[in-house]
$ cat final-v6.pdb   # PDB, C-alpha atoms
ATOM      1  CA  MET J  21      -5.534  14.572  15.258  1.00  0.00           C
ATOM      2  CA  ALA J  22      -3.786  11.227  15.355  1.00  0.00           C
ATOM      3  CA  VAL J  23      -0.842  10.344  13.153  1.00  0.00           C
ATOM      4  CA  ALA J  24      -1.839   7.218  11.292  1.00  0.00           C
ATOM      5  CA  PHE J  25       0.605   4.761   9.709  1.00  0.00           C
ATOM      6  CA  TYR J  26      -0.375   2.782   6.603  1.00  0.00           C
ATOM      7  CA  PRO J  27       2.300   0.130   5.991  1.00  0.00           C
ATOM      8  CA  GLY J  28       2.515  -2.136   2.982  1.00  0.00           C
ATOM      9  CA  SER J  29       4.665  -3.344   0.139  1.00  0.00           C
ATOM     10  CA  PHE J  30       2.515  -1.488  -2.437  1.00  0.00           C
ATOM     11  CA  ASP J  31       4.082  -3.328  -5.382  1.00  0.00           C
ATOM     12  CA  PRO J  32       2.416  -1.703  -7.230  1.00  0.00           C
ATOM     13  CA  PHE J  33       0.263   0.925  -5.523  1.00  0.00           C
ATOM     14  CA  HIS J  34      -3.301   0.613  -6.852  1.00  0.00           C
ATOM     15  CA  LEU J  35      -6.693   2.316  -6.621  1.00  0.00           C
ATOM     16  CA  GLY J  36      -7.746   0.183  -3.643  1.00  0.00           C
ATOM     17  CA  HIS J  37      -4.696   1.452  -1.756  1.00  0.00           C
ATOM     18  CA  LEU J  38      -5.477   5.031  -2.820  1.00  0.00           C
ATOM     19  CA  ASP J  39      -9.065   4.661  -1.608  1.00  0.00           C
ATOM     20  CA  VAL J  40      -7.834   3.543   1.832  1.00  0.00           C
ATOM     21  CA  VAL J  41      -5.327   6.430   1.911  1.00  0.00           C
ATOM     22  CA  GLU J  42      -8.083   8.943   1.166  1.00  0.00           C
ATOM     23  CA  GLN J  43     -10.337   7.448   3.863  1.00  0.00           C
ATOM     24  CA  ALA J  44      -7.513   7.485   6.423  1.00  0.00           C
ATOM     25  CA  VAL J  45      -6.720  11.148   5.720  1.00  0.00           C
ATOM     26  CA  ALA J  46     -10.405  12.059   6.077  1.00  0.00           C
ATOM     27  CA  LEU J  47     -10.649  10.163   9.380  1.00  0.00           C
ATOM     28  CA  PHE J  48      -7.300  10.825  11.019  1.00  0.00           C
ATOM     29  CA  GLY J  49      -5.679  13.850   9.365  1.00  0.00           C
ATOM     30  CA  ASP J  50      -2.002  13.107   8.929  1.00  0.00           C
ATOM     31  CA  LEU J  51      -0.959   9.824   7.340  1.00  0.00           C
ATOM     32  CA  VAL J  52       2.442   8.266   6.846  1.00  0.00           C
ATOM     33  CA  ILE J  53       2.518   5.632   4.130  1.00  0.00           C
ATOM     34  CA  GLY J  54       5.258   3.163   4.949  1.00  0.00           C
ATOM     35  CA  VAL J  55       6.775   1.344   2.008  1.00  0.00           C
ATOM     36  CA  MET J  56       7.875  -1.888   3.639  1.00  0.00           C
ATOM     37  CA  HIS J  57       9.952  -4.822   2.494  1.00  0.00           C
ATOM     38  CA  ASN J  58       7.967  -8.037   2.936  1.00  0.00           C
ATOM     39  CA  PRO J  59      10.213 -11.129   2.755  1.00  0.00           C
ATOM     40  CA  ASP J  60       7.086 -13.334   2.510  1.00  0.00           C
ATOM     41  CA  LYS J  61       6.113 -11.846  -0.848  1.00  0.00           C
ATOM     42  CA  ASP J  62       7.513 -13.708  -3.829  1.00  0.00           C
ATOM     43  CA  SER J  63       8.935 -10.951  -6.004  1.00  0.00           C
ATOM     44  CA  SER J  64       9.166  -7.223  -6.413  1.00  0.00           C
ATOM     45  CA  MET J  65       8.344  -5.467  -9.620  1.00  0.00           C
ATOM     46  CA  PHE J  66       9.560  -2.085  -8.382  1.00  0.00           C
ATOM     47  CA  THR J  67      12.334  -1.169  -5.967  1.00  0.00           C
ATOM     48  CA  ALA J  68      11.386   0.450  -2.666  1.00  0.00           C
ATOM     49  CA  ASP J  69      12.593   3.796  -4.015  1.00  0.00           C
ATOM     50  CA  GLU J  70      10.452   3.410  -7.152  1.00  0.00           C
ATOM     51  CA  ARG J  71       7.396   2.397  -5.116  1.00  0.00           C
ATOM     52  CA  ALA J  72       7.785   5.342  -2.753  1.00  0.00           C
ATOM     53  CA  GLU J  73       8.111   7.786  -5.653  1.00  0.00           C
ATOM     54  CA  LEU J  74       5.094   6.320  -7.491  1.00  0.00           C
ATOM     55  CA  ILE J  75       3.016   6.668  -4.329  1.00  0.00           C
ATOM     56  CA  ARG J  76       4.162  10.276  -3.853  1.00  0.00           C
ATOM     57  CA  GLN J  77       3.100  11.033  -7.422  1.00  0.00           C
ATOM     58  CA  SER J  78      -0.242   9.290  -6.825  1.00  0.00           C
ATOM     59  CA  VAL J  79      -1.204  11.220  -3.670  1.00  0.00           C
ATOM     60  CA  THR J  80      -0.213  14.775  -4.608  1.00  0.00           C
ATOM     61  CA  HIS J  81      -3.888  15.821  -4.497  1.00  0.00           C
ATOM     62  CA  LEU J  82      -3.854  15.205  -0.721  1.00  0.00           C
ATOM     63  CA  GLY J  83      -1.133  17.771  -0.101  1.00  0.00           C
ATOM     64  CA  LYS J  84       0.972  17.765   3.037  1.00  0.00           C
ATOM     65  CA  LYS J  85      -1.392  15.467   4.934  1.00  0.00           C
ATOM     66  CA  VAL J  86       0.383  12.450   3.420  1.00  0.00           C
ATOM     67  CA  CYS J  87       4.045  11.555   3.776  1.00  0.00           C
ATOM     68  CA  VAL J  88       5.696   8.546   2.134  1.00  0.00           C
ATOM     69  CA  GLU J  89       8.705   6.866   3.752  1.00  0.00           C
ATOM     70  CA  LYS J  90      10.573   3.587   3.327  1.00  0.00           C
ATOM     71  CA  PHE J  91      11.049   1.200   6.233  1.00  0.00           C
ATOM     72  CA  VAL J  92      12.837  -2.068   6.866  1.00  0.00           C
ATOM     73  CA  GLY J  93      11.906  -4.324   9.752  1.00  0.00           C
ATOM     74  CA  LEU J  94       8.826  -4.678  11.900  1.00  0.00           C
ATOM     75  CA  THR J  95       5.726  -2.557  11.361  1.00  0.00           C
ATOM     76  CA  VAL J  96       5.511  -1.782  15.092  1.00  0.00           C
ATOM     77  CA  ASP J  97       9.099  -0.506  15.098  1.00  0.00           C
ATOM     78  CA  ALA J  98       8.360   1.755  12.127  1.00  0.00           C
ATOM     79  CA  ALA J  99       5.174   2.989  13.828  1.00  0.00           C
ATOM     80  CA  ALA J 100       7.118   3.751  17.017  1.00  0.00           C
ATOM     81  CA  LYS J 101       9.819   5.579  15.054  1.00  0.00           C
ATOM     82  CA  ILE J 102       7.286   8.017  13.606  1.00  0.00           C
ATOM     83  CA  GLU J 103       5.240   8.128  16.847  1.00  0.00           C
ATOM     84  CA  ALA J 104       2.125   6.855  15.090  1.00  0.00           C
ATOM     85  CA  SER J 105      -1.030   6.683  17.162  1.00  0.00           C
ATOM     86  CA  LEU J 106      -2.445   3.862  15.089  1.00  0.00           C
ATOM     87  CA  ILE J 107      -1.798   1.498  12.212  1.00  0.00           C
ATOM     88  CA  VAL J 108      -4.134   1.491   9.214  1.00  0.00           C
ATOM     89  CA  LYS J 109      -4.647  -1.763   7.323  1.00  0.00           C
ATOM     90  CA  SER J 110      -7.150  -2.999   4.767  1.00  0.00           C
ATOM     91  CA  ALA J 111      -8.711  -6.289   3.720  1.00  0.00           C
ATOM     92  CA  ARG J 112     -10.437  -7.485   0.559  1.00  0.00           C
ATOM     93  CA  SER J 113     -11.641 -10.905   1.647  1.00  0.00           C
ATOM     94  CA  GLY J 114     -12.324 -13.109   4.632  1.00  0.00           C
ATOM     95  CA  ALA J 115      -8.852 -14.622   4.303  1.00  0.00           C
ATOM     96  CA  ASP J 116      -7.311 -11.124   4.351  1.00  0.00           C
ATOM     97  CA  PHE J 117      -9.427 -10.264   7.390  1.00  0.00           C
ATOM     98  CA  ASP J 118      -8.198 -13.315   9.299  1.00  0.00           C
ATOM     99  CA  ILE J 119      -4.562 -12.453   8.570  1.00  0.00           C
ATOM    100  CA  GLU J 120      -4.992  -8.752   9.400  1.00  0.00           C
ATOM    101  CA  GLN J 121      -6.840  -9.551  12.635  1.00  0.00           C
ATOM    102  CA  GLN J 122      -4.037 -11.836  13.785  1.00  0.00           C
ATOM    103  CA  MET J 123      -1.378  -9.259  12.871  1.00  0.00           C
ATOM    104  CA  ALA J 124      -3.330  -6.491  14.630  1.00  0.00           C
ATOM    105  CA  GLN J 125      -3.562  -8.541  17.812  1.00  0.00           C
ATOM    106  CA  MET J 126       0.139  -9.451  17.652  1.00  0.00           C
ATOM    107  CA  ASN J 127       1.164  -5.843  16.996  1.00  0.00           C
ATOM    108  CA  HIS J 128      -0.986  -4.637  19.886  1.00  0.00           C
ATOM    109  CA  ALA J 129       0.429  -7.263  22.240  1.00  0.00           C
ATOM    110  CA  ALA J 130       3.976  -6.334  21.231  1.00  0.00           C
ATOM    111  CA  SER J 131       3.639  -2.557  21.229  1.00  0.00           C
ATOM    112  CA  GLY J 132       0.243  -1.383  22.464  1.00  0.00           C
ATOM    113  CA  VAL J 133      -0.461   0.278  19.100  1.00  0.00           C
ATOM    114  CA  GLU J 134      -4.021  -0.186  17.861  1.00  0.00           C
ATOM    115  CA  THR J 135      -4.851  -1.179  14.291  1.00  0.00           C
ATOM    116  CA  VAL J 136      -7.788   0.229  12.350  1.00  0.00           C
ATOM    117  CA  LEU J 137      -9.099  -1.816   9.444  1.00  0.00           C
ATOM    118  CA  LEU J 138     -10.543   0.114   6.502  1.00  0.00           C
ATOM    119  CA  PHE J 139     -12.231  -1.333   3.453  1.00  0.00           C
ATOM    120  CA  SER J 140     -11.914   0.032  -0.043  1.00  0.00           C
ATOM    121  CA  ARG J 141     -15.025   0.752  -2.058  1.00  0.00           C
ATOM    122  CA  PRO J 142     -16.556  -2.313  -3.753  1.00  0.00           C
ATOM    123  CA  GLU J 143     -15.370  -1.204  -7.187  1.00  0.00           C
ATOM    124  CA  HIS J 144     -11.773  -1.530  -5.953  1.00  0.00           C
ATOM    125  CA  SER J 145     -12.128  -4.545  -3.675  1.00  0.00           C
ATOM    126  CA  TYR J 146     -10.966  -7.112  -6.241  1.00  0.00           C
ATOM    127  CA  ILE J 147      -7.749  -5.286  -7.137  1.00  0.00           C
ATOM    128  CA  SER J 148      -4.564  -7.059  -6.068  1.00  0.00           C
ATOM    129  CA  SER J 149      -0.968  -5.939  -6.540  1.00  0.00           C
ATOM    130  CA  ARG J 150       0.052  -9.536  -7.123  1.00  0.00           C
ATOM    131  CA  TYR J 151      -2.397  -9.973  -9.992  1.00  0.00           C
ATOM    132  CA  ILE J 152      -1.450  -6.621 -11.511  1.00  0.00           C
ATOM    133  CA  ARG J 153       2.218  -7.740 -11.489  1.00  0.00           C
ATOM    134  CA  GLN J 154       1.371 -11.117 -13.019  1.00  0.00           C
ATOM    135  CA  PHE J 155      -0.857  -9.575 -15.684  1.00  0.00           C
ATOM    136  CA  THR J 156       1.720  -6.935 -16.595  1.00  0.00           C
ATOM    137  CA  LEU J 157       4.622  -9.374 -16.779  1.00  0.00           C
ATOM    138  CA  SER J 158       2.534 -11.731 -18.944  1.00  0.00           C
ATOM    139  CA  GLY J 159       1.769  -8.946 -21.411  1.00  0.00           C
ATOM    140  CA  GLY J 160      -1.913  -8.635 -20.542  1.00  0.00           C
ATOM    141  CA  THR J 161      -3.913  -5.497 -21.192  1.00  0.00           C
ATOM    142  CA  ILE J 162      -6.162  -4.313 -18.384  1.00  0.00           C
ATOM    143  CA  LYS J 163      -9.259  -2.491 -19.647  1.00  0.00           C
ATOM    144  CA  THR J 164     -10.582  -1.227 -16.312  1.00  0.00           C
ATOM    145  CA  PRO J 165      -8.512   1.362 -14.419  1.00  0.00           C
ATOM    146  CA  MET J 166      -6.803  -0.296 -11.464  1.00  0.00           C
ATOM    147  CA  VAL J 167      -3.868   2.026 -10.851  1.00  0.00           C
ATOM    148  CA  THR J 168      -3.106   5.740 -10.921  1.00  0.00           C
ATOM    149  CA  ALA J 169      -1.672   7.370 -14.050  1.00  0.00           C
ATOM    150  CA  PRO J 170       1.940   7.440 -12.725  1.00  0.00           C
ATOM    151  CA  VAL J 171       1.781   3.741 -11.837  1.00  0.00           C
ATOM    152  CA  GLN J 172       0.228   2.901 -15.202  1.00  0.00           C
ATOM    153  CA  GLN J 173       3.107   4.650 -16.990  1.00  0.00           C
ATOM    154  CA  ALA J 174       5.650   2.768 -14.871  1.00  0.00           C
ATOM    155  CA  LEU J 175       3.898  -0.545 -15.560  1.00  0.00           C
ATOM    156  CA  LEU J 176       3.932   0.138 -19.305  1.00  0.00           C
ATOM    157  CA  ALA J 177       7.632   0.977 -19.109  1.00  0.00           C
ATOM    158  CA  LYS J 178       8.314  -2.299 -17.268  1.00  0.00           C
ATOM    159  CA  HIS J 179       6.281  -4.243 -19.829  1.00  0.00           C
ATOM    160  CA  ASN J 180       7.967  -2.557 -22.787  1.00  0.00           C
ATOM    161  CA  LYS J 181      11.401  -3.106 -21.262  1.00  0.00           C
ATOM    162  CA  GLY J 182      10.607  -6.790 -20.752  1.00  0.00           C
ATOM    163  CA  ALA J 183       9.288  -7.133 -24.305  1.00  0.00           C
ATOM    164  CA  LYS J 184      12.541  -5.755 -25.745  1.00  0.00           C
ATOM    165  CA  SER J 185      14.720  -8.140 -23.744  1.00  0.00           C
TER     166      SER J 185
END

$ encode --input "final-v6.pdb" --output "structure tokens"
Amino acid sequence: MAVAFYPGSFDPFHLGHLDVVEQAVALFGDLVIGVMHNPDKDSSMFTADERAELIRQSVTHLGKKVCVEKFVGLTVDAAAKIEASLIVKSARSGADFDIEQQMAQMNHAASGVETVLLFSRPEHSYISSRYIRQFTLSGGTIKTPMVTAPVQQALLAKHNKGAKS
């Protein structure tokens, strides 16, 4: 089976991401989740090391089919480094689709690596890492599960730490 590469900032990793991970494993077998640094994203809640560890804790049920690694630089370079056969991406909206399509075409032109676009289930399609960060930092309480238990604990710790400051 192909080695698939799922890159992202995952700050924080949420149930939509997990859904895509589970689909990718079912379709392609082995999956490397690449925790990437994205200079275009405004702020990080968790360090790359923290994000990678939270993802590892969140995907233990998938066993050795999933590996989590940190990468700096271009997605295509990271994919080449691990000899990935394809890149897995996801989109929640038409705007996301447009961006992902352009990136997929650019990545293919630069490296020849194909991109596969997967969609999370509708019940997870509205979840956004950015909004989870904003809600957490503003002290909001989320009633519907959006993240795994390890991520929820880390978010509570960040909120409680911020409240004490």

$ resolve_selection --input "final-v6.pdb" --expression "the PyMOL selection byres ((chain J and resi 169) around 12)" --output "PDB file with C-alpha atoms, in the frame of the given file"
ATOM      1  CA  PHE J  33       0.263   0.925  -5.523  1.00  0.00           C
ATOM      2  CA  HIS J  34      -3.301   0.613  -6.852  1.00  0.00           C
ATOM      3  CA  LEU J  35      -6.693   2.316  -6.621  1.00  0.00           C
ATOM      4  CA  LEU J  74       5.094   6.320  -7.491  1.00  0.00           C
ATOM      5  CA  ILE J  75       3.016   6.668  -4.329  1.00  0.00           C
ATOM      6  CA  GLN J  77       3.100  11.033  -7.422  1.00  0.00           C
ATOM      7  CA  SER J  78      -0.242   9.290  -6.825  1.00  0.00           C
ATOM      8  CA  VAL J  79      -1.204  11.220  -3.670  1.00  0.00           C
ATOM      9  CA  PRO J 165      -8.512   1.362 -14.419  1.00  0.00           C
ATOM     10  CA  MET J 166      -6.803  -0.296 -11.464  1.00  0.00           C
ATOM     11  CA  VAL J 167      -3.868   2.026 -10.851  1.00  0.00           C
ATOM     12  CA  THR J 168      -3.106   5.740 -10.921  1.00  0.00           C
ATOM     13  CA  PRO J 170       1.940   7.440 -12.725  1.00  0.00           C
ATOM     14  CA  VAL J 171       1.781   3.741 -11.837  1.00  0.00           C
ATOM     15  CA  GLN J 172       0.228   2.901 -15.202  1.00  0.00           C
ATOM     16  CA  GLN J 173       3.107   4.650 -16.990  1.00  0.00           C
ATOM     17  CA  ALA J 174       5.650   2.768 -14.871  1.00  0.00           C
ATOM     18  CA  LEU J 175       3.898  -0.545 -15.560  1.00  0.00           C
ATOM     19  CA  LEU J 176       3.932   0.138 -19.305  1.00  0.00           C
TER      20      LEU J 176
END

$ closest_residue --input "final-v6.pdb" --among "J:Ser29, J:Gln121, J:Ser113, J:Ser105" --to "J:Ala72" --atoms "all atoms listed in the file"
J:Ser29

$ resolve_selection --input "final-v6.pdb" --expression "the PyMOL selection byres ((chain J and resi 112) around 10)" --output "list in words"
Gly36, Ser110, Ala111, Ser113, Gly114, Ala115, Asp116, Phe117, Leu138, Phe139, Ser140, Arg141, Pro142, His144, Ser145, Tyr146, Ile147 and Ser148 of chain J

$ residues_around --input "final-v6.pdb" --residues "stretch 178-180 of chain J" --least-positions-apart "4" --cutoff "8 Å" --atoms "all atoms listed in the file" --output "PyMOL selection string"
chain J and resi 156-157+159+174+184

$ write_last_selection --input "final-v6.pdb" --atoms "C-alpha atoms" --output "PDB file, in the frame of the given file"
ATOM      1  CA  THR J 156       1.720  -6.935 -16.595  1.00  0.00           C
ATOM      2  CA  LEU J 157       4.622  -9.374 -16.779  1.00  0.00           C
ATOM      3  CA  GLY J 159       1.769  -8.946 -21.411  1.00  0.00           C
ATOM      4  CA  ALA J 174       5.650   2.768 -14.871  1.00  0.00           C
ATOM      5  CA  LYS J 184      12.541  -5.755 -25.745  1.00  0.00           C
TER       6      LYS J 184
END

$ closest_residue --input "final-v6.pdb" --among "J:Ala130, J:Val108, J:Leu94, J:Met123" --to "J:His37" --atoms "only C-alpha atoms"
J:Val108

$ resolve_selection --input "final-v6.pdb" --expression "the PyMOL selection byres ((chain J and resi 67) around 12)" --output "number ranges by chain"
J: 29-32, 55-57, 63-66, 68-74, 90, 174

$ axis_aligned_box --input "final-v6.pdb" --around "stretch 82-96 of chain J" --padding-each-side "6 Å" --output "JSON"
{"center_x": 4.5, "center_y": 6.5, "center_z": 7.2, "size_x": 28.7, "size_y": 34.4, "size_z": 27.8}

$ closest_residue --input "final-v6.pdb" --among "J:Thr161, J:Val136, J:Asp118, J:Arg153" --to "J:Val40" --atoms "only C-alpha atoms"
J:Val136

$ atom_distance --input "final-v6.pdb" --atom1 "atom CA of J:Val45" --atom2 "atom CA of J:Ile102"
16.4 Å

$ atom_distance --input "final-v6.pdb" --atom1 "atom CA of J:Ala104" --atom2 "atom CA of J:Val23"
5.0 Å

$ atom_distance --input "final-v6.pdb" --atom1 "atom CA of J:Met126" --atom2 "atom CA of J:Gln43"
24.2 Å

$ closest_residue --input "final-v6.pdb" --among "J:His81, J:Ile162, J:Asp97, J:Val92" --to "J:Gly132" --atoms "only C-alpha atoms"
J:Asp97

$ build_atoms --input "final-v6.pdb" --residues "stretch 115-136 of chain J" --atoms "N, CA and C atoms" --output "JSON list (two decimals), in the coordinates of the input"
[["chain", "number", "residue", "atom", "x", "y", "z"],
["J", 115, "ALA", "N", -10.22, -14.14, 4.04],
["J", 115, "ALA", "CA", -8.85, -14.62, 4.30],
["J", 115, "ALA", "C", -7.96, -13.45, 4.70],
["J", 116, "ASP", "N", -8.07, -12.32, 3.99],
["J", 116, "ASP", "CA", -7.31, -11.12, 4.35],
["J", 116, "ASP", "C", -7.67, -10.67, 5.76],
["J", 117, "PHE", "N", -8.98, -10.69, 6.07],
["J", 117, "PHE", "CA", -9.43, -10.26, 7.39],
["J", 117, "PHE", "C", -8.79, -11.11, 8.48],
["J", 118, "ASP", "N", -8.78, -12.42, 8.30],
["J", 118, "ASP", "CA", -8.20, -13.32, 9.30],
["J", 118, "ASP", "C", -6.72, -12.99, 9.54],
["J", 119, "ILE", "N", -5.99, -12.78, 8.46],
["J", 119, "ILE", "CA", -4.56, -12.45, 8.57],
["J", 119, "ILE", "C", -4.37, -11.11, 9.26],
["J", 120, "GLU", "N", -5.14, -10.10, 8.82],
["J", 120, "GLU", "CA", -4.99, -8.75, 9.40],
["J", 120, "GLU", "C", -5.40, -8.73, 10.87],
["J", 121, "GLN", "N", -6.42, -9.50, 11.24],
["J", 121, "GLN", "CA", -6.84, -9.55, 12.64],
["J", 121, "GLN", "C", -5.73, -10.13, 13.51],
["J", 122, "GLN", "N", -5.12, -11.21, 13.04],
["J", 122, "GLN", "CA", -4.04, -11.84, 13.78],
["J", 122, "GLN", "C", -2.85, -10.87, 13.92],
["J", 123, "MET", "N", -2.50, -10.21, 12.81],
["J", 123, "MET", "CA", -1.38, -9.26, 12.87],
["J", 123, "MET", "C", -1.70, -8.10, 13.80],
["J", 124, "ALA", "N", -2.94, -7.60, 13.76],
["J", 124, "ALA", "CA", -3.33, -6.49, 14.63],
["J", 124, "ALA", "C", -3.20, -6.87, 16.10],
["J", 125, "GLN", "N", -3.65, -8.08, 16.42],
["J", 125, "GLN", "CA", -3.56, -8.54, 17.81],
["J", 125, "GLN", "C", -2.11, -8.72, 18.24],
["J", 126, "MET", "N", -1.29, -9.27, 17.35],
["J", 126, "MET", "CA", 0.14, -9.45, 17.65],
["J", 126, "MET", "C", 0.82, -8.10, 17.82],
["J", 127, "ASN", "N", 0.55, -7.17, 16.90],
["J", 127, "ASN", "CA", 1.16, -5.84, 17.00],
["J", 127, "ASN", "C", 0.75, -5.13, 18.27],
["J", 128, "HIS", "N", -0.52, -5.28, 18.66],
["J", 128, "HIS", "CA", -0.99, -4.64, 19.89],
["J", 128, "HIS", "C", -0.32, -5.26, 21.11],
["J", 129, "ALA", "N", -0.22, -6.59, 21.12],
["J", 129, "ALA", "CA", 0.43, -7.26, 22.24],
["J", 129, "ALA", "C", 1.90, -6.87, 22.36],
["J", 130, "ALA", "N", 2.55, -6.67, 21.23],
["J", 130, "ALA", "CA", 3.98, -6.33, 21.23],
["J", 130, "ALA", "C", 4.25, -4.87, 21.53],
["J", 131, "SER", "N", 3.32, -3.98, 21.14],
["J", 131, "SER", "CA", 3.64, -2.56, 21.23],
["J", 131, "SER", "C", 2.56, -1.68, 21.86],
["J", 132, "GLY", "N", 1.34, -2.19, 21.95],
["J", 132, "GLY", "CA", 0.24, -1.38, 22.46],
["J", 132, "GLY", "C", -0.41, -0.52, 21.39],
["J", 133, "VAL", "N", 0.10, -0.54, 20.18],
["J", 133, "VAL", "CA", -0.46, 0.28, 19.10],
["J", 133, "VAL", "C", -1.70, -0.42, 18.54],
["J", 134, "GLU", "N", -2.77, 0.34, 18.41],
["J", 134, "GLU", "CA", -4.02, -0.19, 17.86],
["J", 134, "GLU", "C", -3.98, -0.19, 16.33],
["J", 135, "THR", "N", -4.71, -1.10, 15.74],
["J", 135, "THR", "CA", -4.85, -1.18, 14.29],
["J", 135, "THR", "C", -6.30, -0.89, 13.92],
["J", 136, "VAL", "N", -6.48, -0.08, 12.89],
["J", 136, "VAL", "CA", -7.79, 0.23, 12.35],
["J", 136, "VAL", "C", -7.86, -0.41, 10.97]]
